[in-house]
$ cat model_37.txt   # compact mmCIF, C-alpha atoms
# COMPACT_ATOMS: atom_id res chain seq x y z
CA MET S 26 75.93 88.22 125.08
CA ALA S 27 78.17 85.78 126.92
CA ASN S 28 77.18 83.03 124.51
CA SER S 29 78.40 85.15 121.57
CA TRP S 30 81.67 86.07 123.28
CA PHE S 31 82.71 82.65 124.53
CA PRO S 32 82.54 79.60 122.26
CA HIS S 33 81.00 76.24 123.04
CA TRP S 34 83.88 73.90 122.22
CA ARG S 35 83.36 70.33 121.10
CA LYS S 36 85.64 67.35 120.66
CA PRO S 37 87.43 67.08 117.28
CA ALA S 38 85.21 65.48 114.66
CA GLY S 39 88.13 64.25 112.55
CA PRO S 40 90.57 61.39 113.17
CA ALA S 41 93.20 61.56 115.91
CA GLY S 42 96.16 63.58 114.73
CA GLY S 43 94.02 65.44 112.17
CA VAL S 44 93.05 69.09 111.91
CA VAL S 45 91.55 70.69 115.04
CA ALA S 46 89.01 73.36 114.12
CA PRO S 47 88.79 76.69 116.03
CA ASP S 48 85.58 75.57 117.78
CA GLU S 49 87.07 72.19 118.79
CA THR S 50 89.17 71.39 121.82
CA LEU S 51 91.70 68.78 122.84
CA SER S 52 91.85 67.08 126.22
CA ALA S 53 93.10 69.11 129.19
CA SER S 54 96.54 67.46 129.13
CA GLN S 55 96.95 67.96 125.38
CA THR S 56 95.78 71.57 125.64
CA LEU S 57 98.29 72.24 128.41
CA ILE S 58 101.26 70.79 126.54
CA MET S 59 100.25 72.58 123.32
CA GLY S 60 100.05 75.80 125.32
CA VAL S 61 103.62 75.27 126.51
CA GLN S 62 104.73 74.87 122.90
CA HIS S 63 102.87 78.03 121.88
CA ALA S 64 104.58 79.92 124.71
CA VAL S 65 107.98 78.69 123.51
CA ALA S 66 107.16 79.53 119.88
CA MET S 67 105.90 83.04 120.63
CA PHE S 68 108.63 83.97 123.09
CA GLY S 69 111.48 84.56 120.65
CA ALA S 70 109.74 87.08 118.40
CA THR S 71 107.75 88.76 121.18
CA VAL S 72 110.96 89.43 123.11
CA LEU S 73 113.29 90.04 120.15
CA MET S 74 111.28 92.86 118.54
CA PRO S 75 111.20 95.17 121.57
CA LEU S 76 114.88 94.45 122.21
CA LEU S 77 115.72 95.54 118.66
CA MET S 78 113.75 98.77 119.21
CA GLY S 79 115.06 99.43 122.73
CA LEU S 80 111.69 98.83 124.40
CA ASP S 81 111.07 96.81 127.57
CA PRO S 82 110.39 93.16 126.57
CA ASN S 83 108.59 92.54 129.89
CA LEU S 84 106.07 95.24 129.01
CA SER S 85 105.75 93.79 125.53
CA ILE S 86 104.86 90.35 126.93
CA LEU S 87 102.35 91.88 129.36
CA MET S 88 100.59 93.91 126.66
CA SER S 89 100.72 90.96 124.29
CA GLY S 90 98.92 88.80 126.84
CA ILE S 91 96.28 91.46 127.55
CA GLY S 92 95.77 92.07 123.84
CA THR S 93 95.40 88.36 123.10
CA LEU S 94 92.81 87.91 125.86
CA LEU S 95 90.83 90.91 124.57
CA PHE S 96 91.06 89.56 121.04
CA PHE S 97 89.83 86.17 122.26
CA VAL S 98 86.77 87.74 123.94
CA ILE S 99 85.96 90.06 121.02
CA THR S 100 86.10 87.25 118.46
CA GLY S 101 84.38 84.76 120.76
CA GLY S 102 87.41 82.48 120.61
CA ARG S 103 86.67 81.74 116.95
CA VAL S 104 90.03 82.95 115.60
CA PRO S 105 93.00 80.91 116.87
CA SER S 106 95.57 83.70 116.82
CA TYR S 107 98.13 85.10 119.23
CA LEU S 108 98.85 88.84 119.23
CA GLY S 109 102.62 89.23 119.47
CA SER S 110 105.22 91.80 118.44
CA SER S 111 105.33 92.83 114.79
CA ALA S 112 108.63 93.10 112.96
CA ALA S 113 107.10 95.77 110.74
CA PHE S 114 107.79 98.42 113.41
CA VAL S 115 111.51 97.74 113.86
CA GLY S 116 112.92 99.75 110.97
CA VAL S 117 110.69 102.81 111.33
CA VAL S 118 111.06 103.00 115.12
CA ILE S 119 114.85 102.86 114.84
CA ALA S 120 114.74 105.54 112.15
CA ALA S 121 112.37 107.78 114.13
CA THR S 122 114.29 107.54 117.41
CA GLY S 123 117.88 107.13 116.23
CA PHE S 124 118.30 104.12 118.52
CA ASN S 125 121.84 102.69 118.56
CA GLY S 126 120.81 99.17 119.54
CA GLN S 127 122.11 99.22 123.14
CA GLY S 128 119.92 99.12 126.27
CA LEU S 129 116.62 100.99 126.55
CA ASN S 130 115.74 103.49 123.84
CA PRO S 131 116.31 107.04 125.20
CA ASN S 132 113.60 108.29 122.84
CA MET S 133 111.13 105.55 123.81
CA SER S 134 108.32 108.05 124.40
CA VAL S 135 108.56 109.27 120.79
CA ALA S 136 108.33 105.69 119.53
CA LEU S 137 105.32 105.00 121.77
CA GLY S 138 103.49 108.07 120.46
CA GLY S 139 103.98 106.93 116.88
CA ILE S 140 102.89 103.37 117.73
CA ILE S 141 99.71 104.65 119.42
CA ALA S 142 98.93 106.74 116.34
CA CYS S 143 99.47 103.64 114.19
CA GLY S 144 97.11 101.69 116.47
CA LEU S 145 94.40 104.34 116.11
CA LEU S 146 94.75 104.28 112.32
CA TYR S 147 94.63 100.49 112.37
CA THR S 148 91.47 100.61 114.51
CA LEU S 149 89.87 103.00 112.03
CA ILE S 150 90.66 100.60 109.18
CA GLY S 151 89.14 97.77 111.23
CA VAL S 152 85.90 99.73 111.70
CA VAL S 153 85.72 100.43 107.96
CA VAL S 154 86.24 96.72 107.22
CA MET S 155 83.49 95.76 109.67
CA LYS S 156 81.08 98.20 108.00
CA SER S 157 81.96 97.64 104.34
CA GLY S 158 83.36 94.10 104.25
CA THR S 159 86.68 92.72 103.11
CA ARG S 160 86.28 92.66 99.35
CA TRP S 161 88.05 96.00 98.81
CA ILE S 162 91.03 94.85 100.89
CA GLU S 163 91.28 91.61 98.92
CA ARG S 164 91.29 93.63 95.69
CA LEU S 165 94.03 95.94 96.96
CA MET S 166 95.96 93.09 98.59
CA PRO S 167 95.48 89.79 96.74
CA PRO S 168 97.13 86.61 98.11
CA VAL S 169 100.29 87.23 96.09
CA VAL S 170 100.72 90.54 97.95
CA THR S 171 99.84 89.42 101.47
CA GLY S 172 101.87 86.23 101.09
CA ALA S 173 104.87 88.22 99.88
CA VAL S 174 104.56 90.66 102.81
CA VAL S 175 104.49 87.88 105.42
CA MET S 176 107.39 86.11 103.67
CA ALA S 177 109.44 89.32 103.41
CA ILE S 178 109.08 89.98 107.14
CA GLY S 179 110.57 86.56 107.88
CA LEU S 180 113.36 87.04 105.35
CA ASN S 181 114.24 90.44 106.80
CA LEU S 182 114.73 88.78 110.19
CA ALA S 183 117.02 86.10 108.77
CA PRO S 184 120.22 88.21 109.15
CA ILE S 185 119.39 88.76 112.84
CA ALA S 186 119.06 85.01 113.38
CA VAL S 187 122.36 84.41 111.58
CA LYS S 188 124.11 87.09 113.62
CA SER S 189 122.77 85.63 116.86
CA VAL S 190 124.43 82.25 116.21
CA SER S 191 127.64 83.55 114.65
CA THR S 192 129.46 84.52 117.85
CA SER S 193 131.44 81.28 117.70
CA GLY S 194 131.74 78.13 115.62
CA PHE S 195 130.24 76.10 118.46
CA ASP S 196 127.14 78.33 118.60
CA GLY S 197 126.70 78.00 114.87
CA TRP S 198 126.86 74.20 114.99
CA MET S 199 124.41 74.11 117.88
CA ALA S 200 121.99 76.25 115.86
CA VAL S 201 122.23 73.73 113.02
CA MET S 202 121.67 70.88 115.49
CA THR S 203 118.55 72.63 116.82
CA VAL S 204 117.08 72.90 113.33
CA LEU S 205 117.95 69.25 112.67
CA CYS S 206 116.31 68.12 115.93
CA ILE S 207 113.06 69.91 115.02
CA GLY S 208 113.22 68.50 111.49
CA LEU S 209 113.75 64.95 112.75
CA VAL S 210 110.74 65.23 115.05
CA ALA S 211 108.65 66.54 112.14
CA VAL S 212 109.68 63.69 109.81
CA PHE S 213 109.96 60.62 112.05
CA THR S 214 107.16 61.10 114.60
CA ARG S 215 103.40 60.97 114.34
CA GLY S 216 100.33 62.17 116.22
CA MET S 217 100.63 64.47 119.20
CA VAL S 218 104.43 64.29 119.30
CA GLN S 219 104.62 65.53 115.71
CA ARG S 220 102.34 68.42 116.60
CA LEU S 221 104.78 69.30 119.36
CA LEU S 222 107.74 69.36 116.97
CA ILE S 223 109.02 72.76 118.17
CA LEU S 224 108.83 71.87 121.85
CA MET S 225 110.23 68.33 121.40
CA GLY S 226 112.97 69.56 119.06
CA LEU S 227 114.03 72.29 121.49
CA ILE S 228 114.11 69.85 124.41
CA ALA S 229 116.33 67.48 122.41
CA ALA S 230 118.57 70.37 121.31
CA TRP S 231 118.83 71.64 124.90
CA ALA S 232 119.85 68.17 126.08
CA LEU S 233 122.58 68.06 123.43
CA TYR S 234 123.76 71.53 124.37
CA ALA S 235 123.92 70.60 128.07
CA LEU S 236 125.89 67.46 127.19
CA PHE S 237 128.46 69.37 125.13
CA THR S 238 128.82 72.29 127.58
CA ASN S 239 128.22 71.07 131.12
CA VAL S 240 129.72 67.60 130.59
CA LEU S 241 132.26 67.90 127.76
CA GLY S 242 133.31 71.51 128.40
CA PHE S 243 132.45 73.14 125.07
CA GLY S 244 130.85 76.60 125.04
CA LYS S 245 129.02 78.41 127.82
CA PRO S 246 127.46 75.93 130.28
CA VAL S 247 123.78 75.88 131.16
CA ASP S 248 123.23 77.91 134.35
CA PHE S 249 119.84 78.28 136.05
CA THR S 250 121.17 80.65 138.74
CA PRO S 251 119.64 83.79 137.13
CA VAL S 252 116.28 82.01 136.96
CA ALA S 253 116.45 81.03 140.62
CA GLN S 254 117.39 84.59 141.63
CA ALA S 255 114.66 86.27 139.56
CA ALA S 256 111.69 87.81 141.36
CA TRP S 257 108.38 85.98 141.24
CA PHE S 258 106.41 89.21 140.79
CA GLY S 259 107.33 92.61 139.41
CA LEU S 260 106.31 95.46 137.14
CA PRO S 261 107.77 96.27 133.72
CA HIS S 262 109.20 99.65 132.77
CA PHE S 263 106.35 102.04 131.91
CA ALA S 264 106.78 105.28 129.96
CA ALA S 265 104.45 108.05 128.83
CA PRO S 266 104.14 108.67 125.07
CA THR S 267 105.25 111.84 123.28
CA PHE S 268 103.34 112.70 120.13
CA ASN S 269 105.92 113.95 117.67
CA VAL S 270 104.49 114.78 114.24
CA GLN S 271 107.53 113.55 112.31
CA ALA S 272 107.62 110.26 114.22
CA ILE S 273 103.87 109.78 113.72
CA MET S 274 104.19 110.40 109.96
CA LEU S 275 106.94 107.79 109.82
CA ILE S 276 105.42 105.09 112.07
CA ALA S 277 101.65 105.39 111.48
CA PRO S 278 101.74 104.10 107.86
CA VAL S 279 102.89 100.74 109.25
CA ALA S 280 99.15 100.14 109.72
CA VAL S 281 98.98 99.30 106.00
CA ILE S 282 101.58 96.55 106.51
CA LEU S 283 99.64 95.29 109.53
CA VAL S 284 96.53 94.98 107.37
CA ALA S 285 98.48 92.82 104.93
CA GLU S 286 99.88 90.78 107.85
CA ASN S 287 96.45 90.25 109.35
CA LEU S 288 94.88 89.31 106.02
CA GLY S 289 97.70 86.86 105.29
CA HIS S 290 97.51 85.27 108.72
CA LEU S 291 93.73 84.83 108.63
CA LYS S 292 93.89 83.36 105.13
CA ALA S 293 96.55 80.93 106.37
CA VAL S 294 94.41 79.92 109.37
CA ALA S 295 91.41 79.50 107.06
CA GLY S 296 93.47 77.28 104.78
CA MET S 297 94.67 75.11 107.68
CA THR S 298 91.31 74.76 109.42
CA GLY S 299 88.94 74.83 106.45
CA ARG S 300 86.93 77.62 108.06
CA ASN S 301 86.00 81.00 106.55
CA MET S 302 87.69 83.71 108.64
CA ASP S 303 86.55 86.69 106.53
CA PRO S 304 83.75 87.71 108.96
CA TYR S 305 86.42 88.38 111.61
CA MET S 306 88.74 90.37 109.35
CA GLY S 307 87.83 93.68 110.99

$ encode --input "model_37.txt" --output "structure tokens"
Amino acid sequence: MANSWFPHWRKPAGPAGGVVAPDETLSASQTLIMGVQHAVAMFGATVLMPLLMGLDPNLSILMSGIGTLLFFVITGGRVPSYLGSSAAFVGVVIAATGFNGQGLNPNMSVALGGIIACGLLYTLIGVVVMKSGTRWIERLMPPVVTGAVVMAIGLNLAPIAVKSVSTSGFDGWMAVMTVLCIGLVAVFTRGMVQRLLILMGLIAAWALYALFTNVLGFGKPVDFTPVAQAAWFGLPHFAAPTFNVQAIMLIAPVAVILVAENLGHLKAVAGMTGRNMDPYMG
């Protein structure tokens, strides 16, 4: 059983800087630095979604980590995916709870009840897929549909990104500089550095921001005091769910969008790695 749950990784068979398959592994140092980049890449969305819904982002990160570890064990490490927060819940949760966008959601328990119901429905769909295969899903949701769903989720978040950097002209220019830094790393570097384009681009952008703020006096300076004062250990804010029929009817159908998301993501991973991910669709 353990052999089926945990993969036997091997060194990449392709050239250095090429595609790394799900059952291949980099060196310990490369794996560590890639993990740092993944943490940076996942952090924004995993924290932003619960903030938009008035949920505790600390609890979201905790559950995301537990869910990812469970997913890793269940799939035997054969699907390189991270389970983060889904933007598909934002609109329906706000509508079901009447959240005004400030602080914690006073109707958080209602939202949690609807999300649990959505999870149960999603689990049921997963069982059906495991028993009957994926062909019926691919007929209902061809690539043009799943691709459009994943693209639309990103486009719907674009106004939030624009709003976040529109507080001042300086913030807007720094946002542009961040994108340029990442783009320059992607275009002018090769090998491992190019793979770390998000991490390297953010480090360069942070250095520019620190230069303009802490040295030249533009904008809000970099301050690590809150980090130094933060507790090393703590517990997030837990809440018990309330199962409201109207909220469940509004939130549970999001499971259909999650199916499209999952199908699109696995097809994308299959395209990047050259491996068939259909057996793990359920």

$ closest_atom_pairs --input "model_37.txt" --of "range 227-307 of chain S" --to "range 137-143 of chain S" --cutoff "8 Å" --atoms "all atoms listed in the file" --output "CSV"
residue,atom,partner,partner_atom,distance
S:Ala265,CA,S:Leu137,CA,7.7
S:Pro266,CA,S:Gly138,CA,4.7
S:Thr267,CA,S:Gly138,CA,5.0
S:Phe268,CA,S:Gly138,CA,4.6
S:Asn269,CA,S:Gly138,CA,6.9
S:Ala272,CA,S:Gly139,CA,5.6
S:Ile273,CA,S:Gly139,CA,4.3
S:Met274,CA,S:Gly139,CA,7.7
S:Leu275,CA,S:Gly139,CA,7.7
S:Ile276,CA,S:Gly139,CA,5.3
S:Ala277,CA,S:Cys143,CA,3.9
S:Pro278,CA,S:Cys143,CA,6.7
S:Val279,CA,S:Cys143,CA,6.7
S:Ala280,CA,S:Cys143,CA,5.7

$ closest_residue --input "model_37.txt" --among "S:Met217, S:Met306, S:Ala256, S:Ala121" --to "Leu283 in chain S" --atoms "all atoms listed in the file"
S:Met306

$ residues_around --input "model_37.txt" --residues "Thr298 in chain S" --least-positions-apart "6" --cutoff "10 Å" --atoms "all atoms listed in the file" --output "NGL selection string"
:S and (44-47 or 105 or 292)

$ write_last_selection --input "model_37.txt" --atoms "C-alpha atoms" --output "PDB file, keeping the file's coordinate frame"
ATOM      1  CA  VAL S  44      93.050  69.090 111.910  1.00  0.00           C
ATOM      2  CA  VAL S  45      91.550  70.690 115.040  1.00  0.00           C
ATOM      3  CA  ALA S  46      89.010  73.360 114.120  1.00  0.00           C
ATOM      4  CA  PRO S  47      88.790  76.690 116.030  1.00  0.00           C
ATOM      5  CA  PRO S 105      93.000  80.910 116.870  1.00  0.00           C
ATOM      6  CA  LYS S 292      93.890  83.360 105.130  1.00  0.00           C
TER       7      LYS S 292
END

$ closest_residue --input "model_37.txt" --among "S:Lys36, S:Gln62, S:Ser106, S:Glu49" --to "Val294 in chain S" --atoms "all atoms listed in the file"
S:Ser106

$ closest_residue --input "model_37.txt" --among "S:Pro131, S:Gly216, S:Gly109, S:Gly242" --to "Ile86 in chain S" --atoms "all atoms listed in the file"
S:Gly109

$ closest_residue --input "model_37.txt" --among "S:Gln55, S:Thr238, S:Ser85, S:Thr71" --to "Leu260 in chain S" --atoms "all atoms listed in the file"
S:Ser85

$ residues_around --input "model_37.txt" --residues "Tyr234 in chain S" --least-positions-apart "4" --cutoff "10 Å" --atoms "only C-alpha atoms" --output "PyMOL selection string"
chain S and resi 195-196+199-200+202-203+228-230+238-241+243-247

$ atom_distance --input "model_37.txt" --atom1 "CA of Gly92 in chain S" --atom2 "CA of Ala113 in chain S"
17.7 Å

$ closest_residue --input "model_37.txt" --among "S:Phe213, S:Ile185, S:Glu286, S:Gly226" --to "Ser110 in chain S" --atoms "only C-alpha atoms"
S:Glu286

$ atom_distance --input "model_37.txt" --atom1 "CA of Met155 in chain S" --atom2 "CA of Met176 in chain S"
26.5 Å

$ residues_around --input "model_37.txt" --residues "Phe68 in chain S" --least-positions-apart "4" --cutoff "12 Å" --atoms "all atoms listed in the file" --output "mmCIF file with C-alpha atoms, in the frame of the given file"
data_model
loop_
_atom_site.group_PDB
_atom_site.id
_atom_site.type_symbol
_atom_site.label_atom_id
_atom_site.label_comp_id
_atom_site.auth_asym_id
_atom_site.auth_seq_id
_atom_site.Cartn_x
_atom_site.Cartn_y
_atom_site.Cartn_z
ATOM 1 C CA VAL S 61 103.620 75.270 126.510
ATOM 2 C CA GLN S 62 104.730 74.870 122.900
ATOM 3 C CA HIS S 63 102.870 78.030 121.880
ATOM 4 C CA ALA S 64 104.580 79.920 124.710
ATOM 5 C CA VAL S 72 110.960 89.430 123.110
ATOM 6 C CA LEU S 73 113.290 90.040 120.150
ATOM 7 C CA MET S 74 111.280 92.860 118.540
ATOM 8 C CA PRO S 75 111.200 95.170 121.570
ATOM 9 C CA PRO S 82 110.390 93.160 126.570
ATOM 10 C CA ASN S 83 108.590 92.540 129.890
ATOM 11 C CA SER S 85 105.750 93.790 125.530
ATOM 12 C CA ILE S 86 104.860 90.350 126.930
ATOM 13 C CA LEU S 87 102.350 91.880 129.360
ATOM 14 C CA SER S 89 100.720 90.960 124.290
ATOM 15 C CA GLY S 90 98.920 88.800 126.840
ATOM 16 C CA TYR S 107 98.130 85.100 119.230
ATOM 17 C CA LEU S 108 98.850 88.840 119.230
ATOM 18 C CA GLY S 109 102.620 89.230 119.470
ATOM 19 C CA SER S 110 105.220 91.800 118.440
#

$ atom_distance --input "model_37.txt" --atom1 "CA of Val118 in chain S" --atom2 "CA of Ala136 in chain S"
5.8 Å

$ residues_near_point --input "model_37.txt" --point "(83.2, 68.9, 119.7)" --cutoff "9 Å" --atoms "all atoms listed in the file" --output "VMD selection string"
chain S and resid 33 to 38 48 to 50

$ residues_around --input "model_37.txt" --residues "Gly179 in chain S" --least-positions-apart "3" --cutoff "12 Å" --atoms "all atoms listed in the file" --output "PDB file with C-alpha atoms, keeping the file's coordinate frame"
ATOM      1  CA  ALA S  70     109.740  87.080 118.400  1.00  0.00           C
ATOM      2  CA  SER S 111     105.330  92.830 114.790  1.00  0.00           C
ATOM      3  CA  ALA S 112     108.630  93.100 112.960  1.00  0.00           C
ATOM      4  CA  ALA S 113     107.100  95.770 110.740  1.00  0.00           C
ATOM      5  CA  GLY S 172     101.870  86.230 101.090  1.00  0.00           C
ATOM      6  CA  ALA S 173     104.870  88.220  99.880  1.00  0.00           C
ATOM      7  CA  VAL S 174     104.560  90.660 102.810  1.00  0.00           C
ATOM      8  CA  VAL S 175     104.490  87.880 105.420  1.00  0.00           C
ATOM      9  CA  MET S 176     107.390  86.110 103.670  1.00  0.00           C
ATOM     10  CA  LEU S 182     114.730  88.780 110.190  1.00  0.00           C
ATOM     11  CA  ALA S 183     117.020  86.100 108.770  1.00  0.00           C
ATOM     12  CA  PRO S 184     120.220  88.210 109.150  1.00  0.00           C
ATOM     13  CA  ILE S 185     119.390  88.760 112.840  1.00  0.00           C
ATOM     14  CA  ALA S 186     119.060  85.010 113.380  1.00  0.00           C
ATOM     15  CA  GLU S 286      99.880  90.780 107.850  1.00  0.00           C
TER      16      GLU S 286
END

$ closest_residue --input "model_37.txt" --among "S:Ile99, S:Val65, S:Leu57, S:Leu129" --to "Ala264 in chain S" --atoms "all atoms listed in the file"
S:Leu129

$ residues_around --input "model_37.txt" --residues "Met59 in chain S" --least-positions-apart "5" --cutoff "9 Å" --atoms "only C-alpha atoms" --output "NGL selection string"
:S and (54 or 64 or 220-221 or 224)

$ build_atoms --input "model_37.txt" --residues "range 170-202 of chain S" --atoms "N, CA and C atoms" --output "compact mmCIF listing (two decimals), in the coordinates of the input"
# COMPACT_ATOMS: atom_id res chain seq x y z
N VAL S 170 100.17 89.40 97.21
CA VAL S 170 100.72 90.54 97.95
C VAL S 170 100.86 90.20 99.43
N THR S 171 99.78 89.71 100.04
CA THR S 171 99.84 89.42 101.47
C THR S 171 100.85 88.31 101.76
N GLY S 172 100.89 87.30 100.90
CA GLY S 172 101.87 86.23 101.09
C GLY S 172 103.29 86.75 101.00
N ALA S 173 103.53 87.66 100.04
CA ALA S 173 104.87 88.22 99.88
C ALA S 173 105.25 89.08 101.08
N VAL S 174 104.27 89.82 101.65
CA VAL S 174 104.56 90.66 102.81
C VAL S 174 104.96 89.80 104.01
N VAL S 175 104.19 88.76 104.29
CA VAL S 175 104.49 87.88 105.42
C VAL S 175 105.84 87.19 105.21
N MET S 176 106.12 86.76 103.97
CA MET S 176 107.39 86.11 103.67
C MET S 176 108.56 87.09 103.82
N ALA S 177 108.36 88.34 103.34
CA ALA S 177 109.44 89.32 103.41
C ALA S 177 109.80 89.66 104.84
N ILE S 178 108.81 89.69 105.73
CA ILE S 178 109.08 89.98 107.14
C ILE S 178 110.00 88.91 107.72
N GLY S 179 109.72 87.64 107.40
CA GLY S 179 110.57 86.56 107.88
C GLY S 179 111.97 86.64 107.29
N LEU S 180 112.06 86.95 106.00
CA LEU S 180 113.36 87.04 105.35
C LEU S 180 114.19 88.20 105.90
N ASN S 181 113.52 89.29 106.23
CA ASN S 181 114.24 90.44 106.80
C ASN S 181 114.84 90.12 108.16
N LEU S 182 114.23 89.17 108.87
CA LEU S 182 114.73 88.78 110.19
C LEU S 182 115.84 87.73 110.11
N ALA S 183 116.01 87.15 108.92
CA ALA S 183 117.02 86.10 108.77
C ALA S 183 118.42 86.56 109.16
N PRO S 184 118.88 87.77 108.74
CA PRO S 184 120.22 88.21 109.15
C PRO S 184 120.39 88.32 110.66
N ILE S 185 119.31 88.67 111.38
CA ILE S 185 119.39 88.76 112.84
C ILE S 185 119.60 87.38 113.44
N ALA S 186 118.89 86.37 112.90
CA ALA S 186 119.06 85.01 113.38
C ALA S 186 120.48 84.53 113.11
N VAL S 187 121.00 84.82 111.92
CA VAL S 187 122.36 84.41 111.58
C VAL S 187 123.37 85.08 112.50
N LYS S 188 123.18 86.37 112.74
CA LYS S 188 124.11 87.09 113.62
C LYS S 188 124.09 86.54 115.04
N SER S 189 122.91 86.12 115.49
CA SER S 189 122.77 85.63 116.86
C SER S 189 123.55 84.33 117.09
N VAL S 190 123.75 83.54 116.04
CA VAL S 190 124.43 82.25 116.21
C VAL S 190 125.83 82.27 115.62
N SER S 191 126.32 83.46 115.28
CA SER S 191 127.64 83.55 114.65
C SER S 191 128.73 84.03 115.60
N THR S 192 128.45 84.05 116.90
CA THR S 192 129.46 84.52 117.85
C THR S 192 130.63 83.55 117.96
N SER S 193 130.38 82.28 117.70
CA SER S 193 131.44 81.28 117.70
C SER S 193 131.05 80.11 116.82
N GLY S 194 132.04 79.31 116.43
CA GLY S 194 131.74 78.13 115.62
C GLY S 194 130.86 77.15 116.35
N PHE S 195 131.06 77.03 117.66
CA PHE S 195 130.24 76.10 118.46
C PHE S 195 128.78 76.53 118.44
N ASP S 196 128.52 77.84 118.62
CA ASP S 196 127.14 78.33 118.60
C ASP S 196 126.48 78.07 117.25
N GLY S 197 127.24 78.25 116.19
CA GLY S 197 126.70 78.00 114.87
C GLY S 197 126.32 76.54 114.67
N TRP S 198 127.17 75.63 115.11
CA TRP S 198 126.86 74.20 114.99
C TRP S 198 125.67 73.82 115.85
N MET S 199 125.55 74.42 117.03
CA MET S 199 124.41 74.11 117.88
C MET S 199 123.11 74.62 117.26
N ALA S 200 123.18 75.75 116.57
CA ALA S 200 121.99 76.25 115.86
C ALA S 200 121.56 75.26 114.78
N VAL S 201 122.54 74.73 114.05
CA VAL S 201 122.23 73.73 113.02
C VAL S 201 121.63 72.48 113.66
N MET S 202 122.19 72.05 114.80
CA MET S 202 121.67 70.88 115.49
C MET S 202 120.23 71.11 115.96
